[in-house]
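Pasting structure_7.cif here (mmCIF, C-alpha atoms):
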data_upload
loop_
_atom_site.label_atom_id
_atom_site.label_comp_id
_atom_site.auth_asym_id
_atom_site.auth_seq_id
_atom_site.Cartn_x
_atom_site.Cartn_y
_atom_site.Cartn_z
CA MET A 158 0.00 0.00 0.00
CA GLU A 159 1.36 3.43 -1.00
CA PHE A 160 0.01 6.96 -0.81
CA PHE A 161 2.40 8.14 -3.50
CA ARG A 162 5.53 7.14 -5.39
CA LEU A 163 8.34 9.60 -6.09
CA ARG A 164 9.86 9.39 -9.56
CA ARG A 165 13.15 11.00 -8.58
CA ASP A 166 15.29 10.15 -5.59
CA ILE A 167 15.70 12.88 -2.95
CA PRO A 168 19.42 13.57 -2.26
CA PHE A 169 19.29 13.07 1.50
CA MET A 170 22.95 12.11 1.81
CA ARG A 171 24.05 15.37 0.14
CA HIS A 172 22.96 17.16 3.33
CA ALA A 173 23.92 14.39 5.76
CA LEU A 174 26.74 16.39 7.35
CA VAL A 175 24.48 19.37 8.18
CA PHE A 176 21.79 17.18 9.69
CA ASN A 177 24.30 15.20 11.72
CA ILE A 178 25.78 18.40 13.13
CA ILE A 179 22.24 19.30 14.23
CA SER A 180 21.87 15.80 15.71
CA PHE A 181 25.13 16.12 17.62
CA ALA A 182 24.09 19.53 18.97
CA THR A 183 20.72 18.25 20.23
CA PHE A 184 22.40 15.15 21.66
CA ALA A 185 24.97 17.30 23.49
CA LEU A 186 22.22 19.54 24.90
CA ALA A 187 20.31 16.49 26.13
CA VAL A 188 23.42 15.13 27.87
CA PHE A 189 24.08 18.57 29.39
CA PHE A 190 20.57 18.77 30.87
CA LEU A 191 20.83 15.21 32.18
CA LEU A 192 24.10 16.03 33.96
CA THR A 193 23.07 19.44 35.31
CA ARG A 194 19.36 19.04 36.07
CA GLY A 195 18.94 15.27 36.31
CA LEU A 196 15.76 13.26 36.01
CA HIS A 197 12.76 13.92 38.23
CA LEU A 198 12.31 10.32 39.34
CA SER A 199 8.92 9.12 40.51
CA ILE A 200 8.20 7.41 43.81
CA GLU A 201 8.64 4.00 42.13
CA PHE A 202 12.37 4.77 41.98
CA THR A 203 12.92 7.01 45.00
CA GLY A 204 10.46 5.46 47.47
CA GLY A 205 7.60 7.21 49.24
CA THR A 206 3.84 7.14 49.80
CA VAL A 207 1.00 7.41 47.28
CA ILE A 208 -2.47 8.45 48.46
CA GLU A 209 -5.61 8.48 46.33
CA THR A 210 -8.73 10.32 47.48
CA GLU A 211 -12.16 10.81 45.97
CA TYR A 212 -14.12 14.01 46.67
CA ALA A 213 -17.89 14.28 46.64
CA GLN A 214 -17.62 17.39 44.45
CA SER A 215 -15.00 18.58 41.98
CA ALA A 216 -11.71 18.79 43.89
CA ASP A 217 -9.92 22.09 44.42
CA ILE A 218 -6.35 21.08 43.54
CA ALA A 219 -4.81 24.35 44.79
CA LYS A 220 -6.52 23.95 48.16
CA VAL A 221 -5.44 20.31 48.47
CA ARG A 222 -1.85 21.18 47.58
CA THR A 223 -1.74 24.03 50.11
CA THR A 224 -3.15 21.76 52.82
CA VAL A 225 -0.61 18.98 52.23
CA GLU A 226 2.37 21.32 51.80
CA ALA A 227 1.54 22.96 55.15
CA MET A 228 2.32 19.60 56.82
CA ASN A 229 6.00 19.97 55.87
CA PHE A 230 6.50 16.56 54.29
CA GLY A 231 8.93 18.02 51.77
CA GLU A 232 8.37 18.08 48.02
CA VAL A 233 4.85 16.74 47.46
CA GLN A 234 2.99 16.16 44.20
CA VAL A 235 -0.76 16.72 43.93
CA GLN A 236 -2.65 16.09 40.71
CA LYS A 237 -6.02 15.05 39.38
CA PHE A 238 -6.48 11.69 37.70
CA GLY A 239 -9.46 9.93 36.22
CA THR A 240 -12.34 12.31 36.98
CA SER A 241 -12.30 15.85 38.37
CA ARG A 242 -13.17 14.42 41.81
CA ASP A 243 -10.16 12.08 42.04
CA VAL A 244 -6.88 13.39 43.50
CA LEU A 245 -3.49 11.66 43.58
CA ILE A 246 -0.99 12.72 46.27
CA ARG A 247 2.66 11.63 46.27
CA LEU A 248 4.76 12.12 49.38
CA PRO A 249 8.54 11.64 49.60
CA LEU A 250 10.13 9.02 51.83
CA ARG A 251 10.58 10.05 55.48
CA GLU A 252 12.87 8.26 57.90
CA GLY A 253 11.31 6.93 61.10
CA VAL A 254 7.70 7.56 60.10
CA LYS A 255 5.30 4.67 59.44
CA GLN A 256 3.13 4.68 56.33
CA ASN A 257 -0.13 4.33 58.28
CA GLU A 258 0.76 7.38 60.34
CA VAL A 259 1.52 9.46 57.25
CA VAL A 260 -1.67 8.41 55.46
CA GLY A 261 -3.78 8.97 58.57
CA ARG A 262 -2.36 12.45 59.20
CA VAL A 263 -2.79 13.57 55.59
CA PHE A 264 -6.34 12.23 55.35
CA ALA A 265 -7.28 13.86 58.64
CA GLN A 266 -5.88 17.20 57.51
CA LEU A 267 -7.72 17.03 54.19
CA CYS A 268 -10.92 16.12 56.01
CA ALA A 269 -10.50 19.06 58.40
CA ALA A 270 -9.98 21.39 55.42
CA GLU A 271 -13.45 20.33 54.23
CA GLY A 272 -14.96 20.99 57.66
CA GLY A 273 -15.12 17.33 58.60
CA LEU A 274 -13.74 14.94 61.16
CA VAL A 275 -12.22 11.50 60.66
CA LYS A 276 -13.92 8.66 62.53
CA PRO A 277 -13.21 4.91 62.50
CA VAL A 278 -16.11 2.88 61.13
CA GLN A 279 -16.55 -0.90 61.13
CA ILE A 280 -17.63 -2.25 57.74
CA THR A 281 -18.26 -5.74 56.39
CA THR A 282 -16.63 -6.80 53.13
CA ASP A 283 -18.19 -8.98 50.44
CA LYS A 284 -16.39 -11.97 52.00
CA GLY A 285 -18.03 -11.33 55.35
CA GLU A 286 -14.90 -9.93 57.01
CA SER A 287 -15.26 -7.04 59.44
CA ILE A 288 -12.64 -4.31 58.99
CA SER A 289 -12.11 -0.80 60.33
CA ARG A 290 -12.02 2.09 57.87
CA GLN A 291 -11.35 5.78 58.38
CA VAL A 292 -14.34 7.87 57.26
CA CYS A 293 -14.50 11.65 56.89
CA GLU A 294 -17.83 12.98 58.19
CA ALA A 295 -19.04 16.57 57.98
CA GLY A 296 -22.26 18.33 58.97
CA SER A 297 -24.65 18.11 61.87
CA ASN A 298 -26.52 15.07 63.11
CA GLY A 299 -29.42 15.89 60.84
CA SER A 300 -27.43 15.87 57.61
CA ILE A 301 -24.08 14.07 57.77
CA THR A 302 -22.10 13.99 54.53
CA GLU A 303 -18.84 12.41 53.43
CA PRO A 304 -16.89 15.16 51.59
CA LEU A 305 -14.03 12.85 50.60
CA LYS A 306 -13.00 9.20 50.70
CA LEU A 307 -9.61 7.51 51.03
CA THR A 308 -9.63 5.11 48.09
CA ARG A 309 -6.05 3.82 48.10
CA SER A 310 -2.69 4.19 49.83
CA GLU A 311 0.58 2.59 48.84
CA PHE A 312 4.13 2.68 50.17
CA VAL A 313 7.30 2.04 48.15
CA GLY A 314 10.46 1.47 50.18
CA PRO A 315 13.89 2.80 49.14
CA GLN A 316 15.25 -0.69 48.50
CA VAL A 317 12.38 -1.50 46.12
CA GLY A 318 12.96 1.78 44.28
CA LYS A 319 16.67 1.03 43.95
CA GLU A 320 15.97 -2.44 42.58
CA LEU A 321 13.48 -1.03 40.06
CA ALA A 322 16.07 1.49 38.83
CA GLU A 323 18.74 -1.20 38.49
CA ASP A 324 16.36 -3.58 36.70
CA GLY A 325 15.35 -0.78 34.33
CA LEU A 326 18.99 -0.11 33.40
CA LYS A 327 19.59 -3.84 32.89
CA ALA A 328 16.55 -4.06 30.61
CA LEU A 329 17.84 -1.12 28.57
CA ALA A 330 21.29 -2.70 28.27
CA PHE A 331 19.86 -6.09 27.20
CA VAL A 332 17.73 -4.42 24.53
CA VAL A 333 20.73 -2.53 23.11
CA VAL A 334 22.94 -5.64 23.02
CA GLY A 335 20.16 -7.73 21.48
CA ILE A 336 19.56 -5.17 18.72
CA MET A 337 23.27 -5.04 17.88
CA ILE A 338 23.55 -8.83 17.63
CA TYR A 339 20.40 -9.06 15.49
CA LEU A 340 21.52 -6.38 13.02
CA ALA A 341 25.06 -7.70 12.83
CA ILE A 342 23.73 -11.16 11.89
CA ARG A 343 21.02 -9.97 9.51
CA PHE A 344 23.04 -7.26 7.75
CA GLU A 345 26.59 -6.27 8.63
CA TRP A 346 28.40 -4.90 11.67
CA LYS A 347 28.51 -1.37 10.20
CA PHE A 348 24.72 -1.31 10.10
CA ALA A 349 24.57 -2.60 13.68
CA VAL A 350 26.82 0.20 14.93
CA ALA A 351 24.89 2.82 12.93
CA ALA A 352 21.50 1.63 14.24
CA ILE A 353 22.61 1.54 17.87
CA ILE A 354 24.06 5.06 17.69
CA ALA A 355 20.80 6.28 16.12
CA ASN A 356 18.63 4.51 18.70
CA LEU A 357 20.67 5.73 21.65
CA HIS A 358 20.40 9.20 20.09
CA ASP A 359 16.59 8.88 20.38
CA VAL A 360 16.73 7.61 23.97
CA ILE A 361 19.11 10.32 25.20
CA ILE A 362 17.00 13.05 23.58
CA ILE A 363 13.84 11.71 25.29
CA LEU A 364 15.67 11.72 28.63
CA GLY A 365 16.98 15.22 27.84
CA PHE A 366 13.43 16.51 27.36
CA PHE A 367 12.38 15.01 30.70
CA ALA A 368 15.43 16.49 32.43
CA PHE A 369 14.94 19.97 30.94
CA PHE A 370 11.21 20.25 31.74
CA GLN A 371 11.54 18.20 34.95
CA TRP A 372 8.70 15.94 33.92
CA GLU A 373 8.20 12.94 36.18
CA PHE A 374 10.15 9.88 35.05
CA SER A 375 8.13 6.84 36.09
CA LEU A 376 8.03 3.15 35.20
CA ALA A 377 5.49 3.97 32.46
CA VAL A 378 7.99 6.38 30.88
CA LEU A 379 10.72 3.74 31.10
CA ALA A 380 8.40 1.35 29.27
CA ALA A 381 7.88 4.02 26.60
CA VAL A 382 11.66 4.43 26.20
CA LEU A 383 12.07 0.67 25.67
CA ALA A 384 9.18 0.73 23.19
CA VAL A 385 10.86 3.56 21.27
CA LEU A 386 14.05 1.48 21.00
CA GLY A 387 12.15 -1.35 19.33
CA TYR A 388 10.11 1.06 17.20
CA SER A 389 13.18 2.93 15.93
CA VAL A 390 15.13 -0.19 15.09
CA ASN A 391 12.18 -1.43 13.02
CA GLU A 392 12.38 1.71 10.87
CA SER A 393 16.15 1.27 10.52
CA VAL A 394 15.72 -2.37 9.47
CA VAL A 395 13.26 -1.38 6.72
CA ILE A 396 15.70 1.20 5.30
CA PHE A 397 18.69 -1.17 5.60
CA ASP A 398 16.70 -3.87 3.78
CA ARG A 399 16.00 -1.45 0.91
CA ILE A 400 19.69 -0.48 0.81
CA ARG A 401 20.65 -4.14 0.41
CA GLU A 402 18.07 -4.62 -2.36
CA ALA A 403 19.26 -1.47 -4.14
CA PHE A 404 22.90 -2.63 -3.98
CA ARG A 405 21.87 -5.86 -5.68
CA LYS A 406 19.69 -4.18 -8.29
CA PHE A 407 21.63 -1.05 -9.27
CA ARG A 408 25.29 -1.86 -9.77
CA LYS A 409 26.23 1.50 -11.27
CA MET A 410 24.93 3.56 -8.36
CA SER A 411 27.32 4.92 -5.76
CA THR A 412 26.73 4.27 -2.06
CA PRO A 413 25.11 7.70 -1.37
CA GLU A 414 22.84 7.25 -4.39
CA VAL A 415 21.82 3.79 -3.21
CA ILE A 416 20.97 5.12 0.26
CA ASP A 417 19.01 8.04 -1.24
CA HIS A 418 17.01 5.60 -3.38
CA ALA A 419 16.31 3.33 -0.40
CA ILE A 420 15.05 6.18 1.80
CA THR A 421 12.96 7.74 -1.00
CA SER A 422 11.31 4.42 -1.83
CA THR A 423 10.23 3.94 1.81
CA MET A 424 8.81 7.44 2.35
CA SER A 425 5.20 6.48 1.63
CA ARG A 426 5.43 3.51 3.98
CA THR A 427 7.05 5.71 6.64
CA ILE A 428 4.25 8.30 6.50
CA ILE A 429 1.55 5.61 6.75
CA THR A 430 3.22 3.74 9.62
CA HIS A 431 4.27 6.71 11.73
CA GLY A 432 1.08 8.67 11.00
CA SER A 433 -1.21 5.86 12.16
CA THR A 434 0.96 5.20 15.22
CA GLN A 435 1.01 8.87 16.18
CA MET A 436 -2.78 9.08 15.89
CA MET A 437 -3.09 6.35 18.52
CA VAL A 438 -0.46 7.97 20.76
CA LEU A 439 -2.13 11.37 20.37
CA SER A 440 -5.43 9.91 21.57
CA MET A 441 -3.66 8.63 24.70
CA LEU A 442 -2.05 12.05 25.17
CA LEU A 443 -5.37 13.91 24.92
CA PHE A 444 -7.77 11.47 26.56
CA GLY A 445 -5.62 9.12 28.64
CA GLY A 446 -5.45 11.39 31.66
CA PRO A 447 -2.43 11.97 33.93
CA THR A 448 -1.71 8.24 34.21
CA LEU A 449 -0.83 7.94 30.50
CA HIS A 450 0.22 11.54 29.87
CA TYR A 451 4.00 11.26 30.18
CA PHE A 452 3.96 7.78 28.63
CA ALA A 453 2.36 9.32 25.53
CA VAL A 454 4.71 12.32 25.64
CA ALA A 455 7.76 10.03 25.63
CA LEU A 456 6.33 8.01 22.72
CA THR A 457 5.57 11.19 20.75
CA ILE A 458 9.14 12.46 21.15
CA GLY A 459 10.49 9.02 20.28
CA ILE A 460 8.38 8.69 17.13
CA CYS A 461 9.36 12.13 15.81
CA PHE A 462 13.07 11.69 16.49
CA GLY A 463 12.92 8.04 15.43
CA ILE A 464 12.03 9.05 11.86
CA TYR A 465 14.78 11.66 11.87
CA SER A 466 17.46 9.35 13.27
CA SER A 467 16.67 6.45 10.92
CA VAL A 468 17.07 8.71 7.86
CA PHE A 469 19.71 11.25 8.82
CA VAL A 470 21.67 9.45 11.54
CA ALA A 471 21.66 5.69 10.96
CA ALA A 472 21.92 5.81 7.16
CA ALA A 473 24.56 8.56 7.21
CA ILE A 474 26.72 6.78 9.80
CA ALA A 475 26.52 3.57 7.78
CA MET A 476 27.73 5.53 4.75
CA TRP A 477 30.61 7.12 6.68
CA LEU A 478 31.61 3.75 8.12
CA GLY A 479 32.25 2.72 4.52
CA VAL A 480 29.42 0.30 3.80
CA ARG A 481 29.89 -1.14 0.31
CA ARG A 482 28.12 -3.39 -2.12
CA GLU A 483 30.62 -6.13 -1.31
CA ASP A 484 29.53 -6.08 2.34
CA LEU A 485 25.97 -7.08 1.47
CA VAL A 486 26.14 -8.93 -1.83
CA SER A 487 27.91 -12.28 -1.86
CA ALA A 488 30.58 -12.93 -4.42
CA GLY A 489 28.61 -15.80 -5.89
CA ALA A 490 25.84 -13.46 -6.93
CA LYS A 491 28.25 -11.52 -9.13
CA LYS A 492 29.38 -14.38 -11.40
CA ASP A 493 28.40 -14.45 -15.05
CA GLN A 494 26.76 -11.03 -14.97
CA ASP A 495 27.00 -8.43 -17.72
CA PRO A 496 28.54 -5.29 -16.15
CA ASN A 497 26.55 -3.16 -18.63
CA ASP A 498 23.23 -4.68 -17.60
CA PRO A 499 21.39 -2.08 -15.45
CA ASN A 500 19.45 -4.87 -13.75
CA ALA A 501 22.51 -7.00 -13.00
CA GLY A 502 22.38 -8.39 -9.48
CA ALA A 503 18.62 -8.26 -9.23
CA VAL A 504 17.07 -11.05 -7.20
CA VAL A 505 13.61 -12.35 -8.15
#

Using C-alpha cells, write down the structure from this file.
Amino acid sequence: MEFFRLRRDIPFMRHALVFNIISFATFALAVFFLLTRGLHLSIEFTGGTVIETEYAQSADIAKVRTTVEAMNFGEVQVQKFGTSRDVLIRLPLREGVKQNEVVGRVFAQLCAAEGGLVKPVQITTDKGESISRQVCEAGSNGSITEPLKLTRSEFVGPQVGKELAEDGLKALAFVVVGIMIYLAIRFEWKFAVAAIIANLHDVIIILGFFAFFQWEFSLAVLAAVLAVLGYSVNESVVIFDRIREAFRKFRKMSTPEVIDHAITSTMSRTIITHGSTQMMVLSMLLFGGPTLHYFAVALTIGICFGIYSSVFVAAAIAMWLGVRREDLVSAGAKKDQDPNDPNAGAVV
C-alpha cells in the first residue's frame, strides 16, 4: 500500500553532514541537561507514599496542595487523575515515620480542610470480614455527609525503588545488546553500529526533554523508552533492507545514491506507519489522563526523532563507516553477470 511514489530520488545524503551536526548539537544539549538538572524520578524509583482520594464534588487542587504542603512533608505532588473528583498525592520518603501514620495524618488534615472529622467505622466486606475504615464525616446530626474518601494508599520502600532502577537499566542494556547482535547477523556490523548510535540518540534526547522540563520519570515512561528502542530499530531495518536490495539491483549507483534511493522508496510507507501510530499515541495524550500523559509524551518524542534518526543518523553513519556493495552482496551473486546490464544483481 502506497500513498504516492516519487519518480526521482531525494538527495538526503548530500545534506547528511548538516543534519548530523544538528543531531550532535541536540544530543549534546540532552546530555548537558541530564548532567546538570537530572531526572525527576517518581516514587517508584525514590520510594515514598501514594495516596488516592475521591471528593464528593469537583476537587480544588490548589486547596489540596496548600493543605498537604503545610504539613512539611517536603516536596509533594498533587494532581487530578481519572475524573475531576479524584486526587493523587505523592509524598517523599521520610525516615522513622510509618506509612499508616503518614496516610492517617494527611487524610485527617484534608478532612479538616473540608470541615469534617475522621472517625473509624466498622464495615463488612463482600467476604463477610469485618474491617475498620477511616471515614471523613461533615455536617450536623441531621445531615451528615462524606466530603471525601480515602480510596487507596501505597508505600514504596527505598530498596524496592533502587531495585526497580537497576532492573530498568539492565533491561535497557539487554535491549541494546540484542539489537546489535540481530543487526550484525542480519546485515553487517557497520549497520549494527549505525543503528545503535541512532537509537541511543533517540533515547538520550527523550531523557533530555524530561530532564529539561523536569517531567516525572516513572516506570510507564521507562516502558515508553524501551518501546521507542524497538520502534526505531524497526524503521532502521526497513531502510537497511532497501539499501541491500538497491545494492543488488543497481550496480552502477554509488553508495550515497543507493541510500538516497532506499530512503525515498520507503517514504510512503514511513508516513503511513508513523502517522497511524502517532494518531493512537495522540489519543492517549489527549484522553488518557495523567496516568498515561508522560507515557504518551515520551512516545511522541520518540516517534518524531525516530524518523529523523533512521534517515539522517543511521543511514549517514553507515555511509561514513564505509558500507559497500561487497559487504551485502555475496561474491557468488556476481558471477556471469554483464557489467553493462542495469538490472545486473537483481534477485527475483

Selection dump of the PyMOL selection byres ((chain A and resi 412) around 12), as a PyMOL selection string: chain A and resi 168+170-171+400-401+403-405+407-411+413-419+472-473+475-485

Which residues, written as a count of residues only, have at least one atom at most 6 Å from stretch 448-455 of chain A, with all atoms listed in the file counted and residues fewer than 2 positions away on the same chain left out? 9

Care to translate the PyMOL selection byres ((chain A and resi 230) around 12) into actual residues of this file, as JSON, numbers by chain? {"A": [205, 206, 222, 223, 224, 225, 226, 227, 228, 229, 231, 232, 233, 234, 246, 247, 248, 249, 250, 251, 252, 254, 259, 260, 262, 263]}

What is the atom CA of A:Val382-atom CA of A:Glu311 distance in Å, reported with one decimal?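 Between atom CA of A:Val382 and atom CA of A:Glu311 the gap works out to 25.3 Å.
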
Which residue, A:Ala471, A:Met337, A:Ile362, A:Leu376, has the smallest gap to A:Val395 when you use only C-alpha atoms? A:Ala471

For a cut-off of 12 Å around (17.3, 18.0, 36.5), file coordinates, pick out all residues using all atoms listed in the file and list them as a ChimeraX atom specification. /A:187-198,364-374

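Here atom CA of A:Ala355 is placed at a distance of 5.4 Å from atom CA of A:Ser466.
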
Could you jot down the atom CA of A:Glu294 to atom CA of A:Cys268 separation for me, Å, one decimal place?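 Interatomic distance here is 7.9 Å.
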
Once you count all atoms listed in the file, which residues end up no further than 9 Å from (10.4, 6.4, 14.0) in the file's frame, shown as a PyMOL selection string? chain A and resi 385+388-393+427+430-431+459-467

Using all atoms listed in the file, which residues sit within 9 Å of A:Phe264 once same-chain residues fewer than 4 positions away are excluded, as a ChimeraX atom specification? /A:208,210,259-260,268-269,275,291,293,306-307

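Here the question is which of A:Asp324, A:Ile474, A:Val313, A:Gly239 gets nearest to A:Ala352 using only C-alpha atoms, and that residue is A:Ile474.
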
With only C-alpha atoms as the atoms that count, which of A:Arg399, A:Ser199, A:Ile353, A:Ser289 lies nearest to A:Ala330?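 Going through A:Arg399, A:Ser199, A:Ile353, A:Ser289 one by one, the smallest distance to A:Ala330 is for A:Ile353.
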
Of the candidates A:Leu326, A:Pro447, A:Glu402, A:Ser440, which shows the shortest atom-to-atom distance to A:Gln236, using all atoms listed in the file?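 Of the candidates, the smallest distance to A:Gln236 is held by A:Pro447.
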
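Comparing the minimum interatomic distances between A:Phe181 and each of A:Val468, A:Ile354, A:Ala265, A:Met437, counting all atoms listed in the file, we find that A:Ile354 sits nearest.
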
Using only C-alpha atoms, the best pick from A:Leu439, A:Ala295, A:Ile420, A:Ala341 as closest to A:Phe169 would be A:Ile420

Atoms added to stretch 370-380 of chain A (all heavy atoms), reported as a PDB file, keeping the file's coordinate frame:
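Ended up saving to selection-v1.pdb:
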ATOM      1  N   PHE A 370      12.525  19.797  31.248  1.00  0.00           N
ATOM      2  CA  PHE A 370      11.210  20.250  31.740  1.00  0.00           C
ATOM      3  C   PHE A 370      10.876  19.690  33.120  1.00  0.00           C
ATOM      4  O   PHE A 370       9.844  20.040  33.687  1.00  0.00           O
ATOM      5  CB  PHE A 370      10.118  19.855  30.752  1.00  0.00           C
ATOM      6  CG  PHE A 370      10.184  20.586  29.442  1.00  0.00           C
ATOM      7  CD1 PHE A 370      10.660  19.963  28.295  1.00  0.00           C
ATOM      8  CD2 PHE A 370       9.786  21.908  29.359  1.00  0.00           C
ATOM      9  CE1 PHE A 370      10.724  20.635  27.082  1.00  0.00           C
ATOM     10  CE2 PHE A 370       9.848  22.598  28.155  1.00  0.00           C
ATOM     11  CZ  PHE A 370      10.327  21.957  27.007  1.00  0.00           C
ATOM     12  N   GLN A 371      11.756  18.815  33.650  1.00  0.00           N
ATOM     13  CA  GLN A 371      11.540  18.200  34.950  1.00  0.00           C
ATOM     14  C   GLN A 371      10.211  17.467  35.029  1.00  0.00           C
ATOM     15  O   GLN A 371       9.504  17.502  36.042  1.00  0.00           O
ATOM     16  CB  GLN A 371      11.660  19.248  36.070  1.00  0.00           C
ATOM     17  CG  GLN A 371      13.092  19.675  36.352  1.00  0.00           C
ATOM     18  CD  GLN A 371      13.973  18.552  36.868  1.00  0.00           C
ATOM     19  OE1 GLN A 371      13.831  18.103  37.998  1.00  0.00           O
ATOM     20  NE2 GLN A 371      14.885  18.060  36.033  1.00  0.00           N
ATOM     21  N   TRP A 372       9.869  16.803  33.913  1.00  0.00           N
ATOM     22  CA  TRP A 372       8.700  15.940  33.920  1.00  0.00           C
ATOM     23  C   TRP A 372       9.015  14.700  34.755  1.00  0.00           C
ATOM     24  O   TRP A 372      10.157  14.250  34.832  1.00  0.00           O
ATOM     25  CB  TRP A 372       8.332  15.523  32.502  1.00  0.00           C
ATOM     26  CG  TRP A 372       7.851  16.654  31.644  1.00  0.00           C
ATOM     27  CD1 TRP A 372       7.191  17.774  32.049  1.00  0.00           C
ATOM     28  CD2 TRP A 372       7.996  16.763  30.221  1.00  0.00           C
ATOM     29  NE1 TRP A 372       6.906  18.577  30.980  1.00  0.00           N
ATOM     30  CE2 TRP A 372       7.382  17.989  29.847  1.00  0.00           C
ATOM     31  CE3 TRP A 372       8.552  15.963  29.238  1.00  0.00           C
ATOM     32  CZ2 TRP A 372       7.337  18.421  28.518  1.00  0.00           C
ATOM     33  CZ3 TRP A 372       8.508  16.379  27.918  1.00  0.00           C
ATOM     34  CH2 TRP A 372       7.905  17.601  27.561  1.00  0.00           C
ATOM     35  N   GLU A 373       7.991  14.121  35.328  1.00  0.00           N
ATOM     36  CA  GLU A 373       8.200  12.940  36.180  1.00  0.00           C
ATOM     37  C   GLU A 373       8.582  11.730  35.336  1.00  0.00           C
ATOM     38  O   GLU A 373       7.903  11.372  34.379  1.00  0.00           O
ATOM     39  CB  GLU A 373       6.928  12.642  36.974  1.00  0.00           C
ATOM     40  CG  GLU A 373       7.115  11.500  37.958  1.00  0.00           C
ATOM     41  CD  GLU A 373       5.828  11.166  38.690  1.00  0.00           C
ATOM     42  OE1 GLU A 373       4.810  10.896  38.018  1.00  0.00           O
ATOM     43  OE2 GLU A 373       5.837  11.195  39.931  1.00  0.00           O
ATOM     44  N   PHE A 374       9.682  11.091  35.739  1.00  0.00           N
ATOM     45  CA  PHE A 374      10.150   9.880  35.050  1.00  0.00           C
ATOM     46  C   PHE A 374       9.723   8.677  35.871  1.00  0.00           C
ATOM     47  O   PHE A 374      10.263   8.395  36.926  1.00  0.00           O
ATOM     48  CB  PHE A 374      11.669   9.916  34.894  1.00  0.00           C
ATOM     49  CG  PHE A 374      12.204   8.830  34.010  1.00  0.00           C
ATOM     50  CD1 PHE A 374      12.306   9.026  32.641  1.00  0.00           C
ATOM     51  CD2 PHE A 374      12.598   7.613  34.534  1.00  0.00           C
ATOM     52  CE1 PHE A 374      12.786   8.019  31.809  1.00  0.00           C
ATOM     53  CE2 PHE A 374      13.078   6.608  33.715  1.00  0.00           C
ATOM     54  CZ  PHE A 374      13.180   6.815  32.354  1.00  0.00           C
ATOM     55  N   SER A 375       8.717   7.968  35.364  1.00  0.00           N
ATOM     56  CA  SER A 375       8.130   6.840  36.090  1.00  0.00           C
ATOM     57  C   SER A 375       8.401   5.538  35.327  1.00  0.00           C
ATOM     58  O   SER A 375       9.049   5.523  34.282  1.00  0.00           O
ATOM     59  CB  SER A 375       6.622   7.042  36.237  1.00  0.00           C
ATOM     60  OG  SER A 375       6.007   7.105  34.958  1.00  0.00           O
ATOM     61  N   LEU A 376       7.886   4.446  35.876  1.00  0.00           N
ATOM     62  CA  LEU A 376       8.030   3.150  35.200  1.00  0.00           C
ATOM     63  C   LEU A 376       7.325   3.155  33.848  1.00  0.00           C
ATOM     64  O   LEU A 376       7.786   2.508  32.898  1.00  0.00           O
ATOM     65  CB  LEU A 376       7.450   2.042  36.083  1.00  0.00           C
ATOM     66  CG  LEU A 376       8.306   1.613  37.283  1.00  0.00           C
ATOM     67  CD1 LEU A 376       7.553   0.598  38.119  1.00  0.00           C
ATOM     68  CD2 LEU A 376       9.633   1.038  36.827  1.00  0.00           C
ATOM     69  N   ALA A 377       6.207   3.874  33.743  1.00  0.00           N
ATOM     70  CA  ALA A 377       5.490   3.970  32.460  1.00  0.00           C
ATOM     71  C   ALA A 377       6.365   4.656  31.411  1.00  0.00           C
ATOM     72  O   ALA A 377       6.390   4.251  30.244  1.00  0.00           O
ATOM     73  CB  ALA A 377       4.184   4.727  32.644  1.00  0.00           C
ATOM     74  N   VAL A 378       7.097   5.688  31.816  1.00  0.00           N
ATOM     75  CA  VAL A 378       7.990   6.380  30.880  1.00  0.00           C
ATOM     76  C   VAL A 378       9.143   5.466  30.484  1.00  0.00           C
ATOM     77  O   VAL A 378       9.561   5.448  29.318  1.00  0.00           O
ATOM     78  CB  VAL A 378       8.512   7.689  31.507  1.00  0.00           C
ATOM     79  CG1 VAL A 378       9.510   8.361  30.579  1.00  0.00           C
ATOM     80  CG2 VAL A 378       7.358   8.629  31.817  1.00  0.00           C
ATOM     81  N   LEU A 379       9.668   4.706  31.429  1.00  0.00           N
ATOM     82  CA  LEU A 379      10.720   3.740  31.100  1.00  0.00           C
ATOM     83  C   LEU A 379      10.231   2.728  30.078  1.00  0.00           C
ATOM     84  O   LEU A 379      10.954   2.372  29.138  1.00  0.00           O
ATOM     85  CB  LEU A 379      11.197   3.032  32.369  1.00  0.00           C
ATOM     86  CG  LEU A 379      12.246   1.930  32.187  1.00  0.00           C
ATOM     87  CD1 LEU A 379      13.517   2.483  31.553  1.00  0.00           C
ATOM     88  CD2 LEU A 379      12.566   1.254  33.509  1.00  0.00           C
ATOM     89  N   ALA A 380       8.992   2.267  30.247  1.00  0.00           N
ATOM     90  CA  ALA A 380       8.400   1.350  29.270  1.00  0.00           C
ATOM     91  C   ALA A 380       8.296   2.006  27.896  1.00  0.00           C
ATOM     92  O   ALA A 380       8.532   1.364  26.861  1.00  0.00           O
ATOM     93  CB  ALA A 380       7.019   0.898  29.741  1.00  0.00           C
TER      94      ALA A 380
END
